[in-house]
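Coordinates as given in coords38.tsv (TSV, C-alpha atoms):
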```tsv
chain	number	residue	atom	x	y	z
O	29	MET	CA	-42.59	5.33	9.09
O	30	LYS	CA	-46.31	5.02	8.27
O	31	ASN	CA	-47.29	2.70	5.47
O	32	TYR	CA	-48.10	4.32	2.11
O	33	SER	CA	-50.99	1.83	1.58
O	34	THR	CA	-52.61	2.90	4.85
O	35	ILE	CA	-52.39	6.55	3.84
O	36	ALA	CA	-53.95	5.81	0.45
O	37	ILE	CA	-56.86	3.88	2.03
O	38	ILE	CA	-57.54	6.70	4.47
O	39	ALA	CA	-57.56	9.17	1.57
O	40	LEU	CA	-60.08	7.08	-0.36
O	41	LEU	CA	-62.31	6.72	2.66
O	42	CYS	CA	-62.21	10.46	3.22
O	43	ALA	CA	-63.11	11.14	-0.41
O	44	ALA	CA	-66.14	8.86	-0.07
O	45	CYS	CA	-67.47	10.59	3.02
O	46	THR	CA	-70.47	12.92	2.90
O	47	HIS	CA	-70.41	16.68	3.15
O	48	ASN	CA	-71.22	16.31	6.84
O	49	HIS	CA	-67.83	14.76	7.40
O	50	ALA	CA	-65.91	17.32	5.31
O	51	GLU	CA	-64.87	19.42	8.28
O	52	THR	CA	-63.73	16.33	10.18
O	53	ASP	CA	-61.85	15.08	7.13
O	54	HIS	CA	-60.24	18.48	6.68
O	55	HIS	CA	-59.09	18.37	10.28
O	56	HIS	CA	-57.73	14.86	9.77
O	57	HIS	CA	-55.66	15.85	6.74
O	58	SER	CA	-54.37	19.01	8.30
O	59	HIS	CA	-52.15	16.74	10.35
O	60	THR	CA	-49.21	15.82	8.16
O	61	ASP	CA	-48.28	12.13	8.14
O	62	SER	CA	-44.54	12.58	8.40
O	63	HIS	CA	-42.15	9.89	7.37
O	64	VAL	CA	-38.45	9.60	6.70
O	65	HIS	CA	-37.33	9.84	3.11
O	66	GLU	CA	-35.16	7.02	1.76
O	67	HIS	CA	-32.20	9.45	1.71
O	68	GLY	CA	-32.44	10.13	5.42
O	69	THR	CA	-34.45	13.41	5.66
O	70	ALA	CA	-37.76	13.61	7.54
O	71	HIS	CA	-40.57	15.32	5.60
O	72	SER	CA	-44.32	15.00	5.03
O	73	HIS	CA	-46.21	12.75	2.64
O	74	ASP	CA	-47.65	15.90	1.03
O	75	GLU	CA	-44.09	17.15	0.43
O	76	ASP	CA	-43.22	13.84	-1.23
O	77	GLU	CA	-46.16	14.20	-3.65
O	78	HIS	CA	-45.14	17.79	-4.38
O	79	ALA	CA	-41.54	16.71	-5.03
O	80	ASP	CA	-42.66	13.92	-7.39
O	81	GLU	CA	-44.70	16.39	-9.43
O	82	HIS	CA	-41.65	18.58	-10.03
O	83	LYS	CA	-38.97	15.91	-10.34
O	84	HIS	CA	-37.67	15.48	-13.87
O	85	ALA	CA	-35.94	12.46	-15.37
O	86	GLY	CA	-32.37	12.10	-14.21
O	87	GLU	CA	-32.71	14.42	-11.24
O	88	ILE	CA	-31.18	13.32	-7.95
O	89	ILE	CA	-32.80	14.44	-4.72
O	90	LEU	CA	-30.49	14.97	-1.74
O	91	HIS	CA	-31.79	17.03	1.12
O	92	ASP	CA	-29.62	19.77	2.59
O	93	GLU	CA	-29.49	18.22	6.05
O	94	VAL	CA	-28.06	14.98	4.65
O	95	ALA	CA	-25.67	16.84	2.36
O	96	GLN	CA	-24.32	18.84	5.29
O	97	ARG	CA	-23.99	15.75	7.48
O	98	PHE	CA	-21.90	13.93	4.86
O	99	GLY	CA	-19.73	16.87	3.88
O	100	VAL	CA	-21.24	17.60	0.46
O	101	THR	CA	-20.12	21.03	-0.70
O	102	VAL	CA	-21.05	22.95	-3.84
O	103	ASP	CA	-19.13	25.75	-5.55
O	104	THR	CA	-19.14	27.65	-8.82
O	105	LEU	CA	-16.77	26.50	-11.55
O	106	ARG	CA	-14.19	29.15	-12.41
O	107	THR	CA	-11.22	29.23	-14.72
O	108	ALA	CA	-7.78	29.73	-13.17
O	109	SER	CA	-4.12	29.18	-13.86
O	110	PHE	CA	-2.99	25.58	-14.11
O	111	HIS	CA	0.38	23.98	-14.77
O	112	ASN	CA	1.11	21.45	-17.47
O	113	THR	CA	1.53	18.08	-15.84
O	114	VAL	CA	2.73	14.60	-16.75
O	115	THR	CA	1.91	11.50	-14.72
O	116	CYS	CA	5.00	9.37	-14.11
O	117	SER	CA	6.39	6.65	-11.89
O	118	GLY	CA	9.37	7.13	-9.60
O	119	GLN	CA	11.81	5.51	-7.20
O	120	ILE	CA	12.94	6.68	-3.74
O	121	MET	CA	16.69	6.52	-3.17
O	122	PRO	CA	18.97	7.64	-0.37
O	123	ALA	CA	20.71	10.91	-1.20
O	124	SER	CA	24.27	10.45	-2.44
O	125	GLY	CA	26.72	9.77	0.42
O	126	SER	CA	23.95	9.50	2.99
O	127	ASP	CA	23.96	5.74	3.56
O	128	ALA	CA	26.25	3.47	5.57
O	129	LEU	CA	26.99	-0.21	6.16
O	130	VAL	CA	26.89	-1.92	9.53
O	131	ALA	CA	29.62	-4.60	9.74
O	132	ALA	CA	30.10	-7.61	12.00
O	133	THR	CA	32.64	-6.93	14.74
O	134	THR	CA	33.56	-10.58	15.27
O	135	ASP	CA	32.92	-14.07	13.94
O	136	GLY	CA	29.80	-15.75	15.26
O	137	ILE	CA	26.04	-16.19	15.13
O	138	VAL	CA	24.08	-13.00	14.48
O	139	ASP	CA	20.95	-11.98	16.36
O	140	PHE	CA	18.84	-8.83	15.92
O	141	PRO	CA	17.04	-6.91	18.67
O	142	GLN	CA	13.25	-7.04	18.42
O	143	SER	CA	13.02	-3.39	17.30
O	144	VAL	CA	15.44	-3.82	14.39
O	145	ALA	CA	13.67	-4.18	11.03
O	146	PRO	CA	13.67	-2.41	7.65
O	147	GLY	CA	12.09	1.02	8.09
O	148	ALA	CA	13.03	1.34	11.77
O	149	LYS	CA	14.66	4.59	12.85
O	150	VAL	CA	18.01	4.27	14.66
O	151	SER	CA	20.44	6.66	16.33
O	152	ARG	CA	24.18	6.78	15.79
O	153	GLY	CA	25.96	4.24	17.98
O	154	SER	CA	22.85	2.13	18.64
O	155	ALA	CA	23.15	-1.64	18.32
O	156	ILE	CA	21.85	-3.14	15.10
O	157	ALA	CA	22.91	-6.69	15.92
O	158	VAL	CA	24.57	-8.79	18.61
O	159	ILE	CA	27.01	-11.48	17.52
O	160	ASN	CA	27.61	-14.50	19.73
O	161	SER	CA	30.99	-16.14	19.16
O	162	GLN	CA	30.48	-18.78	21.84
O	163	ASN	CA	29.81	-22.37	20.83
O	164	THR	CA	31.12	-21.88	17.29
O	165	SER	CA	33.67	-24.06	15.53
O	166	THR	CA	36.29	-21.30	15.74
O	167	GLY	CA	35.65	-20.59	19.40
O	168	ASN	CA	35.69	-17.14	20.90
O	169	ILE	CA	38.65	-15.69	19.00
O	170	ASN	CA	38.29	-12.29	20.61
O	171	ALA	CA	38.46	-13.85	24.06
O	172	ALA	CA	41.86	-15.26	23.13
O	173	LYS	CA	42.92	-11.83	21.89
O	174	ALA	CA	41.76	-10.30	25.15
O	175	ALA	CA	43.85	-12.82	27.06
O	176	ALA	CA	46.86	-12.06	24.84
O	177	LEU	CA	46.44	-8.35	25.50
O	178	GLU	CA	46.29	-8.93	29.24
O	179	ALA	CA	49.42	-11.08	29.14
O	180	ALA	CA	51.30	-8.49	27.05
O	181	GLU	CA	50.32	-5.75	29.48
O	182	THR	CA	51.53	-7.82	32.46
O	183	GLU	CA	54.82	-8.54	30.73
O	184	LEU	CA	55.31	-4.86	29.84
O	185	ASN	CA	54.77	-3.87	33.48
O	186	ARG	CA	57.28	-6.50	34.66
O	187	ILE	CA	59.98	-5.47	32.14
O	188	SER	CA	59.41	-1.77	32.93
O	189	ALA	CA	60.03	-2.41	36.65
O	190	LEU	CA	63.19	-4.41	35.92
O	191	TYR	CA	64.43	-1.75	33.53
O	192	LYS	CA	64.12	0.91	36.26
O	193	GLU	CA	66.41	-1.20	38.45
O	194	LYS	CA	68.76	-1.77	35.50
O	195	LEU	CA	67.95	-5.49	35.49
O	196	ALA	CA	66.54	-5.39	31.92
O	197	THR	CA	67.92	-3.89	28.74
O	198	ILE	CA	66.36	-1.22	26.54
O	199	ALA	CA	65.93	-3.84	23.82
O	200	GLU	CA	63.84	-6.02	26.16
O	201	LEU	CA	61.73	-3.03	27.13
O	202	ASN	CA	61.10	-2.06	23.49
O	203	ALA	CA	60.17	-5.63	22.63
O	204	ALA	CA	57.62	-5.72	25.47
O	205	LYS	CA	56.13	-2.43	24.32
O	206	ALA	CA	55.84	-3.68	20.72
O	207	GLU	CA	54.11	-6.89	21.82
O	208	TYR	CA	51.64	-4.92	23.92
O	209	ALA	CA	50.89	-2.56	21.00
O	210	ARG	CA	50.29	-5.53	18.65
O	211	ALA	CA	47.98	-7.28	21.10
O	212	LYS	CA	46.05	-4.08	21.71
O	213	ALA	CA	45.60	-3.52	17.95
O	214	GLU	CA	44.24	-7.05	17.47
O	215	TYR	CA	41.83	-6.84	20.36
O	216	SER	CA	38.47	-5.14	19.71
O	217	PRO	CA	36.36	-3.88	22.60
O	218	ALA	CA	33.37	-3.88	20.25
O	219	ALA	CA	34.03	-7.49	19.38
O	220	ALA	CA	34.19	-8.31	23.06
O	221	THR	CA	30.60	-7.16	23.49
O	222	GLY	CA	29.50	-8.65	20.18
O	223	ARG	CA	27.56	-5.47	19.39
O	224	ALA	CA	27.48	-4.20	15.80
O	225	THR	CA	26.50	-0.52	15.86
O	226	THR	CA	25.40	1.98	13.22
O	227	PRO	CA	27.89	4.76	12.38
O	228	ILE	CA	25.09	7.22	11.46
O	229	SER	CA	21.57	8.12	12.52
O	230	GLY	CA	18.91	7.20	10.02
O	231	ILE	CA	16.56	4.47	8.89
O	232	ILE	CA	17.39	0.81	8.37
O	233	THR	CA	16.85	0.09	4.68
O	234	GLU	CA	17.91	-3.56	4.51
O	235	LEU	CA	19.08	-6.47	6.66
O	236	LEU	CA	21.69	-8.32	4.62
O	237	VAL	CA	21.80	-11.49	6.77
O	238	LYS	CA	19.21	-13.54	8.63
O	239	ARG	CA	18.87	-14.11	12.34
O	240	GLY	CA	20.89	-17.16	13.34
O	241	GLN	CA	23.27	-16.88	10.37
O	242	TYR	CA	27.04	-17.28	10.88
O	243	VAL	CA	29.00	-14.14	9.96
O	244	THR	CA	32.68	-13.29	9.85
O	245	THR	CA	34.45	-10.18	11.10
O	246	GLY	CA	33.89	-7.24	8.76
O	247	GLU	CA	30.95	-8.82	6.91
O	248	ALA	CA	28.15	-6.36	6.06
O	249	ILE	CA	24.99	-7.19	7.97
O	250	ALA	CA	22.74	-4.12	7.41
O	251	THR	CA	22.42	-0.82	5.55
O	252	VAL	CA	21.29	2.45	7.12
O	253	ALA	CA	20.18	5.53	5.16
O	254	SER	CA	20.54	9.01	6.61
O	255	ASP	CA	17.27	10.50	7.82
O	256	ASP	CA	18.26	13.89	6.45
O	257	LYS	CA	17.82	13.86	2.66
O	258	LEU	CA	16.36	11.58	0.01
O	259	THR	CA	16.76	11.58	-3.75
O	260	LEU	CA	13.65	10.98	-5.86
O	261	ARG	CA	14.12	9.71	-9.41
O	262	ILE	CA	11.07	10.37	-11.56
O	263	ASP	CA	10.96	8.64	-14.95
O	264	LEU	CA	9.71	11.07	-17.59
O	265	PRO	CA	8.36	9.46	-20.79
O	266	ARG	CA	10.77	10.24	-23.62
O	267	ARG	CA	8.02	11.84	-25.74
O	268	HIS	CA	8.03	14.74	-23.23
O	269	TYR	CA	11.79	15.26	-23.46
O	270	SER	CA	11.42	18.67	-25.15
O	271	GLU	CA	9.52	19.91	-22.07
O	272	ALA	CA	11.89	18.33	-19.54
O	273	SER	CA	13.53	21.56	-18.39
O	274	SER	CA	10.14	23.05	-17.43
O	275	PHE	CA	9.34	20.43	-14.79
O	276	ASN	CA	10.63	22.02	-11.58
O	277	ASP	CA	8.10	20.64	-9.10
O	278	ALA	CA	6.05	17.50	-8.55
O	279	VAL	CA	3.12	16.14	-6.56
O	280	ILE	CA	3.84	12.62	-5.40
O	281	THR	CA	1.49	10.00	-4.01
O	282	LEU	CA	3.08	8.37	-0.98
O	283	PRO	CA	3.29	4.60	-1.22
O	284	TYR	CA	0.89	2.61	0.98
O	285	SER	CA	-0.95	5.64	2.41
O	286	GLY	CA	-2.16	7.30	-0.81
O	287	ARG	CA	-1.50	10.75	0.69
O	288	THR	CA	-0.29	13.38	-1.79
O	289	VAL	CA	2.63	15.72	-1.13
O	290	ARG	CA	3.85	18.65	-3.20
O	291	LEU	CA	7.65	18.61	-3.11
O	292	SER	CA	8.06	22.39	-3.06
O	293	ASP	CA	5.88	22.52	0.08
O	294	GLU	CA	8.41	20.23	1.78
O	295	GLY	CA	11.51	22.14	0.65
O	296	GLY	CA	12.15	19.77	-2.25
O	297	ARG	CA	14.09	21.00	-5.25
O	298	ARG	CA	15.11	19.71	-8.63
O	299	THR	CA	18.77	18.66	-8.75
O	300	SER	CA	19.19	18.07	-12.49
O	301	ALA	CA	18.97	21.03	-14.85
O	302	ASP	CA	17.98	18.90	-17.81
O	303	ALA	CA	16.85	15.31	-18.09
O	304	LEU	CA	19.12	13.40	-20.44
O	305	PRO	CA	18.69	9.86	-21.77
O	306	ALA	CA	21.35	7.48	-20.51
O	307	ALA	CA	24.13	7.05	-23.08
O	308	GLY	CA	23.30	4.20	-25.44
O	309	SER	CA	20.06	3.50	-23.61
O	310	ALA	CA	17.00	2.32	-25.49
O	311	SER	CA	14.77	3.15	-22.51
O	312	SER	CA	11.48	4.92	-23.16
O	313	TYR	CA	12.11	7.16	-20.15
O	314	VAL	CA	14.57	9.83	-19.08
O	315	PRO	CA	15.29	10.50	-15.38
O	316	VAL	CA	14.40	13.71	-13.54
O	317	TYR	CA	15.90	14.00	-10.03
O	318	PHE	CA	14.66	15.85	-6.95
O	319	THR	CA	16.15	16.12	-3.47
O	320	VAL	CA	13.84	16.43	-0.48
O	321	SER	CA	14.06	16.22	3.28
O	322	ARG	CA	12.84	12.90	4.55
O	323	ILE	CA	9.04	12.81	4.76
O	324	PRO	CA	7.21	10.22	6.89
O	325	GLY	CA	5.99	7.56	4.47
O	326	LEU	CA	8.91	7.94	2.04
O	327	ILE	CA	10.78	4.64	2.35
O	328	PRO	CA	14.05	4.23	0.41
O	329	GLU	CA	13.90	1.74	-2.46
O	330	SER	CA	10.10	1.94	-2.71
O	331	SER	CA	8.18	3.16	-5.79
O	332	PHE	CA	5.58	5.89	-6.14
O	333	THR	CA	3.50	7.74	-8.71
O	334	ALA	CA	4.04	11.43	-9.40
O	335	SER	CA	2.67	14.32	-11.39
O	336	LEU	CA	5.53	16.42	-12.73
O	337	ILE	CA	4.52	20.09	-12.76
O	338	GLY	CA	5.69	22.25	-15.65
O	339	SER	CA	4.84	25.54	-17.32
O	340	LYS	CA	1.74	27.53	-16.35
O	341	ARG	CA	-1.40	27.94	-18.45
O	342	ASN	CA	-4.15	30.49	-17.79
O	343	ASN	CA	-7.95	30.23	-18.03
O	344	VAL	CA	-8.10	26.48	-17.39
O	345	LEU	CA	-11.23	24.86	-15.96
O	346	THR	CA	-10.39	22.42	-13.15
O	347	VAL	CA	-12.13	20.52	-10.35
O	348	PRO	CA	-10.70	18.69	-7.32
O	349	LEU	CA	-10.15	14.98	-7.85
O	350	GLU	CA	-12.82	14.39	-5.18
O	351	ALA	CA	-15.42	15.99	-7.48
O	352	LEU	CA	-15.04	13.27	-10.12
O	353	SER	CA	-17.11	10.10	-10.18
O	354	GLU	CA	-15.75	7.31	-12.38
O	355	GLN	CA	-18.35	4.92	-13.73
O	356	GLN	CA	-17.56	2.20	-16.27
O	357	GLY	CA	-14.47	4.00	-17.53
O	358	GLU	CA	-16.18	7.39	-17.93
O	359	PHE	CA	-15.99	10.45	-15.68
O	360	PHE	CA	-18.89	12.47	-14.30
O	361	VAL	CA	-19.50	15.46	-12.07
O	362	TYR	CA	-22.70	16.39	-10.26
O	363	GLU	CA	-24.32	19.74	-11.03
O	364	GLN	CA	-26.73	21.36	-8.59
O	365	ILE	CA	-29.65	22.61	-10.71
O	366	HIS	CA	-32.00	23.58	-7.85
O	367	PRO	CA	-31.78	23.47	-4.07
O	368	GLU	CA	-31.64	19.80	-3.08
O	369	ARG	CA	-31.68	18.82	-6.80
O	370	TYR	CA	-28.66	17.51	-8.72
O	371	ILE	CA	-27.98	16.04	-12.14
O	372	LYS	CA	-25.06	14.01	-13.41
O	373	ARG	CA	-22.90	15.47	-16.20
O	374	ARG	CA	-20.43	13.43	-18.23
O	375	VAL	CA	-17.11	15.25	-18.68
O	376	ARG	CA	-13.89	14.77	-20.63
O	377	THR	CA	-10.81	15.26	-18.52
O	378	GLY	CA	-7.33	16.48	-19.37
O	379	GLN	CA	-4.20	16.76	-17.28
O	380	SER	CA	-4.04	16.23	-13.53
O	381	ASP	CA	-1.52	17.54	-11.03
O	382	GLY	CA	-2.41	14.92	-8.44
O	383	ARG	CA	-4.89	17.19	-6.67
O	384	LYS	CA	-6.90	18.85	-9.42
O	385	VAL	CA	-7.91	17.67	-12.87
O	386	GLU	CA	-8.54	19.69	-16.01
O	387	ILE	CA	-12.07	19.61	-17.47
O	388	ILE	CA	-12.00	19.86	-21.27
O	389	GLU	CA	-15.72	19.56	-22.00
O	390	GLY	CA	-19.03	18.64	-20.39
O	391	VAL	CA	-19.58	21.64	-18.10
O	392	ASN	CA	-19.01	25.37	-18.41
O	393	PRO	CA	-17.70	28.09	-16.10
O	394	GLY	CA	-20.40	29.37	-13.76
O	395	THR	CA	-21.91	25.93	-13.19
O	396	LEU	CA	-22.63	24.88	-9.61
O	397	ILE	CA	-20.70	21.65	-9.07
O	398	VAL	CA	-20.38	19.27	-6.14
O	399	MET	CA	-16.74	19.77	-5.14
O	400	ASN	CA	-16.68	17.41	-2.15
O	401	GLY	CA	-18.91	14.49	-1.27
O	402	ALA	CA	-19.59	13.24	-4.80
O	403	THR	CA	-19.77	9.69	-3.39
O	404	THR	CA	-22.77	10.65	-1.25
O	405	VAL	CA	-24.60	12.11	-4.25
O	406	ARG	CA	-23.82	8.96	-6.21
O	407	LEU	CA	-25.38	6.87	-3.42
O	408	ALA	CA	-28.48	9.06	-3.60
O	409	GLU	CA	-28.51	8.59	-7.38
O	410	SER	CA	-28.48	4.80	-7.10
O	411	GLY	CA	-31.07	4.79	-4.31
O	412	ALA	CA	-28.59	3.25	-1.87
O	413	ALA	CA	-29.37	3.59	1.81
O	414	ILE	CA	-27.48	6.12	3.87
O	415	PRO	CA	-25.13	4.21	6.24
O	416	GLU	CA	-26.45	3.10	9.65
O	417	GLY	CA	-26.16	5.68	12.39
O	418	HIS	CA	-26.66	8.67	10.10
O	419	SER	CA	-30.40	8.54	9.43
O	420	HIS	CA	-33.07	10.33	11.41
O	421	ASN	CA	-35.55	7.46	11.68
O	422	HIS	CA	-37.41	7.50	14.96
```

Starting from the file, give its structure as structure tokens.
Amino acid sequence: MKNYSTIAIIALLCAACTHNHAETDHHHHSHTDSHVHEHGTAHSHDEDEHADEHKHAGEIILHDEVAQRFGVTVDTLRTASFHNTVTCSGQIMPASGSDALVAATTDGIVDFPQSVAPGAKVSRGSAIAVINSQNTSTGNINAAKAAALEAAETELNRISALYKEKLATIAELNAAKAEYARAKAEYSPAAATGRATTPISGIITELLVKRGQYVTTGEAIATVASDDKLTLRIDLPRRHYSEASSFNDAVITLPYSGRTVRLSDEGGRRTSADALPAAGSASSYVPVYFTVSRIPGLIPESSFTASLIGSKRNNVLTVPLEALSEQQGEFFVYEQIHPERYIKRRVRTGQSDGRKVEIIEGVNPGTLIVMNGATTVRLAESGAAIPEGHSHNH
């Protein structure tokens, strides 16, 4: 980029030259001293002076090439239908009857495979834990039961052979059979392996014991939620109770990722006809329940924010959330007033459905508004440099 001071000195020298040098000077200035604008667009010094002459207070200059590079899009504001919405908090729960416990198959010290952790997906019959009954104070009880079963089976075979030769009575044979059946009932093949398996396919929601902890037979060591359905409880503020029956859809913000999902797009449906306060409850909220197929990012027992969607209104002015710029607690949009010229407009917002927000005042239908890329225009407004790698400096 050529230095502005150098350009100014050359201009002064040219102005001081005689008429004999006019043609030479004219030739010199016919060559435009190009430089790169602070917002990343190459243009001439003469163009800069022309732009300054026509720039009014508050105008933001952002050249089309930069706007296109950073995804800035402009569209005309139009009224459309919009649904009443209420912003709420919610809780993700396993659908009723869709969870299961994993129990210890023997006494011993529990250990978990490396892949087992809350949130991990598991298949029916897969091992959640391995329990080692060796080197414990009670010894390997199942090993003793296995030995007892083997002895009972041997004795049954011996008595059966004697009975065929009429050397044993029917009472002795029945006693041997009963002892074998008892030993077999007490012995557990699962306990022999020490593997505790999940009875359903799904997602591990909680480990109830720690690695290295001593557990007893039948003790719960983990919970698994079915990967089929989830129940979402959304807490509606009590002041909206009269509208409760109208909220038949919701846009939820997934925890951790911030991605928004409309439940109806995922096959979700409301499962309670009317939200009712819990009997005798002094809570400021009433529950609204939805059932939805499991969506990646929905983790049971985690919380989320939601916009309950109710009855429809017509002729409402809205913009995408991406069009809003929040500054010191106030909201603004950027209006395009001329090509490559923008101005900031303060607006008052209304309801939001998690994707769009209602504009109550500040701009009118027919206005050209930056719908995407408001952050880039805000950078241009503050004079911030365009990030490295996106300029055209040579």

| field | Separation of CA of Thr333 (chain O) from CA of Ala351 (chain O), in Å and rounded to one decimal | value |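 Interatomic distance, CA of Thr333 (chain O) to CA of Ala351 (chain O): 20.7 Å.
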
Self-check item: Contact residues around Val144 (chain O) with all atoms listed in the file at 7 Å, ignoring same-chain residues under 4 positions, as a PyMOL selection string
Solution: chain O and resi 140+148+156

- When distances are computed from all atoms listed in the file, which of O:Gln355, O:Thr134, O:Ser331, O:Thr251 shows the smallest separation from Cys116 (chain O)?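 Closest to Cys116 (chain O) of all the choices is O:Ser331.
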
Selected residue, from O:Leu129, O:Glu271, O:Glu87, O:Ile323, that lies nearest to Gly246 (chain O) when counting only C-alpha atoms =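 Of O:Leu129, O:Glu271, O:Glu87, O:Ile323, the one nearest Gly246 (chain O) is O:Leu129, counting only C-alpha atoms.
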
message = Could you check which residues have any atom within 9 Å of (48.1, -6.3, 21.5), counting only C-alpha atoms with coordinates taken straight from the file, and then list them as number ranges by chain?
response = O: 173-174, 176-178, 180-181, 206-215

- Task: Find the distance between CA of Ile365 (chain O) and CA of Thr346 (chain O) and write it in Å to one decimal.
- Result: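 CA of Ile365 (chain O) sits 19.4 Å away from CA of Thr346 (chain O).
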